[in-house]
Amino acid sequence: MEFSPIPFYIVSALVIICAIAMIYFKELIYSALSMVACFMAIAGIYILLNAELVAGAQVLIYVAAISILVIFAIMLTRHRKGDFWLFFHRQSVVTLPFVVVAGIVLTVVLATAAYDSSEEALNPPDEEMARLLFQDYSFPFEVLSLVLLVAIMGAILLAMRERRR
Amino acid sequence: MQRELIAVMPELMLVGTAIIILLIDPMLPATGRRGLSWLGIFACVTAIFSTWFVRAEEYSSFSSAIAIDRYVVFFKILLLVVAIMAMLLSEKHLALRGRLLGDYYALILFTTTGMMVMAASIDLITFFVGLELMALSTYLLAGFFRYEERSIEAGLKYFVTGSFASLFLLFGMAWLYGMTGSTNFEEIGDVIRAGAVPGDALAIAIIMLVAGFGFKVAAAPFHNWAPDVYQGAPTPAAAFLAVGPKIGSFAVLIKVFTIMLGGESGTWLMPVIAMSIATMLIGATLALVQRDLKRMLGYSSIAHVGYLLLGVVAFGETGSSFGQAAILFYLAVYAFMNMGAFGVLVYLANRTRFGDSLDEMMGVGRRFPAAAAIMTLFMLSLTGIPPTAGFVAKFYLFASVVDAGFAWLAVLGVLFSVVSAFFYLRVIVYMYMRDPEAELQGVPAGSSWDLNLGLGIATAGVILLGILPSPVISAAQDAVVRVLGI
């Protein structure tokens, strides 16, 4: 697929709008939903770049898993309505110079770097990925499942209301 | 396939038992949970046997993710012994505090599995995954008494600093991978030795790795979390945290700085020397002013990391196996004496309303003569006084440093040992020569055979390694010579 700028601009605008909306919404749940939209739009950018595998991972991990976690966390906790101008309190004054510097550095780096834009680099064949994951790196992959098990166990251990005592 | 299964058999046993413990724990009545620790101990003992079974083998498995050789076997057995002692120390303490849950033993087994994966890893990814398994479990162990503010604080602090350490390590590893195109220790080492890597970029990777490992083993200036965590964590968990993760981290540190970065010691030797001196200085001097024994042992463990880093300096300078073998032996001795010292604190906390302060040690010599006697032994060993194991370990370590041409560093090490003698011996003075104003209130039913057995193992280790160190020393020499190919 030939890369065309128009859809890219549309999707990018969507990403930026959703990101800003996420910060500005007063209700946490609206923020969370705009975050989901933002993640979806980023997946759109990956598709425009012919990186379907990365897009799929983006949807699976960010849109599905992380967003659901965030929404669950909002549902399960008490929260107050935020002040609209909260964002403009002290933090923004302090962080503004850092944001500007980081923005300039990133722009310079991204503009001057050379990229490997071959089909292979953007979209590795699925079989190759599967072979790496389930054969070459099968051992760390299995150990990772233990890490997840411990994480779940820890969450229960620290947060569960005790009935036994 | 069969060989691969044999290679991970000890890990499989621990993980399987941990899952069984988690499954049957909710079905057991509160009194029935006593047996869970013995299930865990049984798993560790069988894992020791299955590790011993492959001690003469040498191969890598799972597409070069992990290796089996004498080095790995040495560390696995040491870690399993530590896990057994940790479980023996814990049972009664948890029961008295109303937190006797199977989760605790499962966490110890998971931590041990993570550390064994680290020790066996010959690949950056395997190493990092093992590290995270260990780290996550240890944060939870630190915060296990979640109704006590200090314990939660310890867990949170450990989590935050541990995450920083992981970030530093990951960043350094990413640089190495980016420059060499491989995650395998040997392959990275080959590329670096071939000189295909720009020196400045390599220096960044090395600094990141040194800082990351520094955090993990609590070396100055990355040591601040250690006393807080050991003080806040449940005492038996603190014993485990002060020993296990250090052994696991040093197992990888030696491999990384020999196989991968052995030829680059010019870059990392100076930072490690500086770190080692700072660590000994901070550990020994700040321990002097501690009135809380768990904090004191925390700073003392920092000082011991300083000595261990001297061993890293020794092998970095000469490339010989002397320094590495000395580190391995020191770790074994450190495991027994440190678990023992914390274990006596657990004993006192179980028998009395003990608050870990030095003043409460007054009169312990009269009231609990056996505990005071072995505490004396552990304190002498931590100081490094013959005929305890601590002396042999320090002697061997400092000898390797002198052998590497750093006599002045060894002199510094001895000087700091003399400083540390003050706060170790002070505990003995308080136990035997001071009379308390008021007796500590006793706790009925606070005695426990499990704990006594754990303390017995630690005592036996300190005495045996002091009198008959040669089998373990030669095992340590075999381990490093066979693996690191020197």
# chains A, B, ... in the order shown; residues from 1 in each chain; ligands from 1
$ closest_atom_pairs --of "chain A" --to "chain B" --cutoff "9 Å" --atoms "only C-alpha atoms" --output "Markdown table"
| residue | atom | partner | partner_atom | distance |
| --- | --- | --- | --- | --- |
| A:Gln135 | CA | B:Ser63 | CA | 7.5 |
| A:Asp136 | CA | B:Ser63 | CA | 5.3 |
| A:Tyr137 | CA | B:Ala65 | CA | 7.2 |
| A:Ser138 | CA | B:Phe62 | CA | 7.1 |
| A:Phe139 | CA | B:Phe62 | CA | 6.2 |
| A:Pro140 | CA | B:Thr126 | CA | 5.1 |
| A:Phe141 | CA | B:Val129 | CA | 8.4 |
| A:Val143 | CA | B:Val129 | CA | 6.6 |
| A:Leu144 | CA | B:Val129 | CA | 6.2 |
| A:Leu146 | CA | B:Leu133 | CA | 7.0 |
| A:Val147 | CA | B:Leu133 | CA | 4.9 |
| A:Leu148 | CA | B:Leu133 | CA | 8.6 |
| A:Val150 | CA | B:Ser137 | CA | 6.5 |
| A:Ala151 | CA | B:Leu136 | CA | 6.9 |
| A:Met153 | CA | B:Asp103 | CA | 7.9 |
| A:Gly154 | CA | B:Leu140 | CA | 6.2 |
| A:Leu157 | CA | B:Asp103 | CA | 7.9 |
| A:Leu158 | CA | B:Arg146 | CA | 6.6 |
| A:Arg164 | CA | B:Ala30 | CA | 8.6 |
| A:Arg165 | CA | B:Gly98 | CA | 8.3 |
$ select_by_dssp --residues "region 234-306 of chain B" --states "alpha helix (DSSP H)" --output "PyMOL selection string"
chain B and resi 235-255+265-288+293-306
$ select_by_dssp --residues "region 3-218 of chain B" --states "strand (DSSP E or B)" --output "MDAnalysis selection string"
chainID B and resid 59:61 66:68 121 123 184
$ closest_residue --among "B:Asn338, B:Thr112, B:Ser417, B:Ser90" --to "Trp449 (chain B)" --atoms "only C-alpha atoms"
B:Ser90
$ residues_around --residues "Pro7 (chain A)" --least-positions-apart "2" --cutoff "12 Å" --atoms "only C-alpha atoms" --output "PyMOL selection string"
chain A and resi 2-5+9-14+41+44-49
$ write_last_selection --atoms "C-alpha atoms" --output "PDB file, in the first residue's frame"
ATOM      1  CA  GLU A   2       1.384   3.357  -1.037  1.00  0.00           C
ATOM      2  CA  PHE A   3       1.814   5.746   1.866  1.00  0.00           C
ATOM      3  CA  SER A   4      -0.530   8.697   1.410  1.00  0.00           C
ATOM      4  CA  PRO A   5      -0.331  11.747   3.633  1.00  0.00           C
ATOM      5  CA  TYR A   9      -2.947  13.578   8.874  1.00  0.00           C
ATOM      6  CA  ILE A  10      -6.507  12.641   9.726  1.00  0.00           C
ATOM      7  CA  VAL A  11      -5.474   9.807  12.014  1.00  0.00           C
ATOM      8  CA  SER A  12      -2.714  11.875  13.617  1.00  0.00           C
ATOM      9  CA  ALA A  13      -5.136  14.684  14.303  1.00  0.00           C
ATOM     10  CA  LEU A  14      -7.429  12.129  15.918  1.00  0.00           C
ATOM     11  CA  ALA A  41      -6.039   5.857  16.484  1.00  0.00           C
ATOM     12  CA  GLY A  44      -4.586   3.162  12.780  1.00  0.00           C
ATOM     13  CA  ILE A  45      -1.219   4.814  12.204  1.00  0.00           C
ATOM     14  CA  TYR A  46       0.480   1.424  12.355  1.00  0.00           C
ATOM     15  CA  ILE A  47      -1.920   0.092   9.749  1.00  0.00           C
ATOM     16  CA  LEU A  48      -1.173   3.044   7.501  1.00  0.00           C
ATOM     17  CA  LEU A  49       2.491   2.118   7.877  1.00  0.00           C
TER      18      LEU A  49
END
$ atom_distance --atom1 "CA of Gly466 (chain B)" --atom2 "CA of Pro387 (chain B)"
5.6 Å
$ residues_around --residues "Ala372 (chain B)" --least-positions-apart "3" --cutoff "10 Å" --atoms "only C-alpha atoms" --output "list in words"
Val344, Leu348, Met361, Gly363, Val364, Gly365, Arg366, Arg367, Phe368, Pro369, Met375, Thr376, Leu377, Phe378, Val427, Ile428, Met431 and Tyr432 of chain B
$ residues_around --residues "Gln58 (chain A)" --least-positions-apart "4" --cutoff "9 Å" --atoms "only C-alpha atoms" --output "MDAnalysis selection string"
chainID A and resid 39:40 42:43 46 53:54 62:64
$ closest_residue --among "A:Cys18, A:Ala113, A:Thr107, A:Ile61" --to "Ser31 (chain A)" --atoms "only C-alpha atoms"
A:Cys18
$ closest_residue --among "B:Leu286, B:Met85, B:Phe164, B:Pro198" --to "Leu176 (chain B)" --atoms "only C-alpha atoms"
B:Pro198
$ closest_residue --among "B:Asp359, B:Asp69, B:Asp478, B:Asp403" --to "Val313 (chain B)" --atoms "only C-alpha atoms"
B:Asp403
$ atom_distance --atom1 "CA of Ser357 (chain B)" --atom2 "CA of Ser300 (chain B)"
15.4 Å
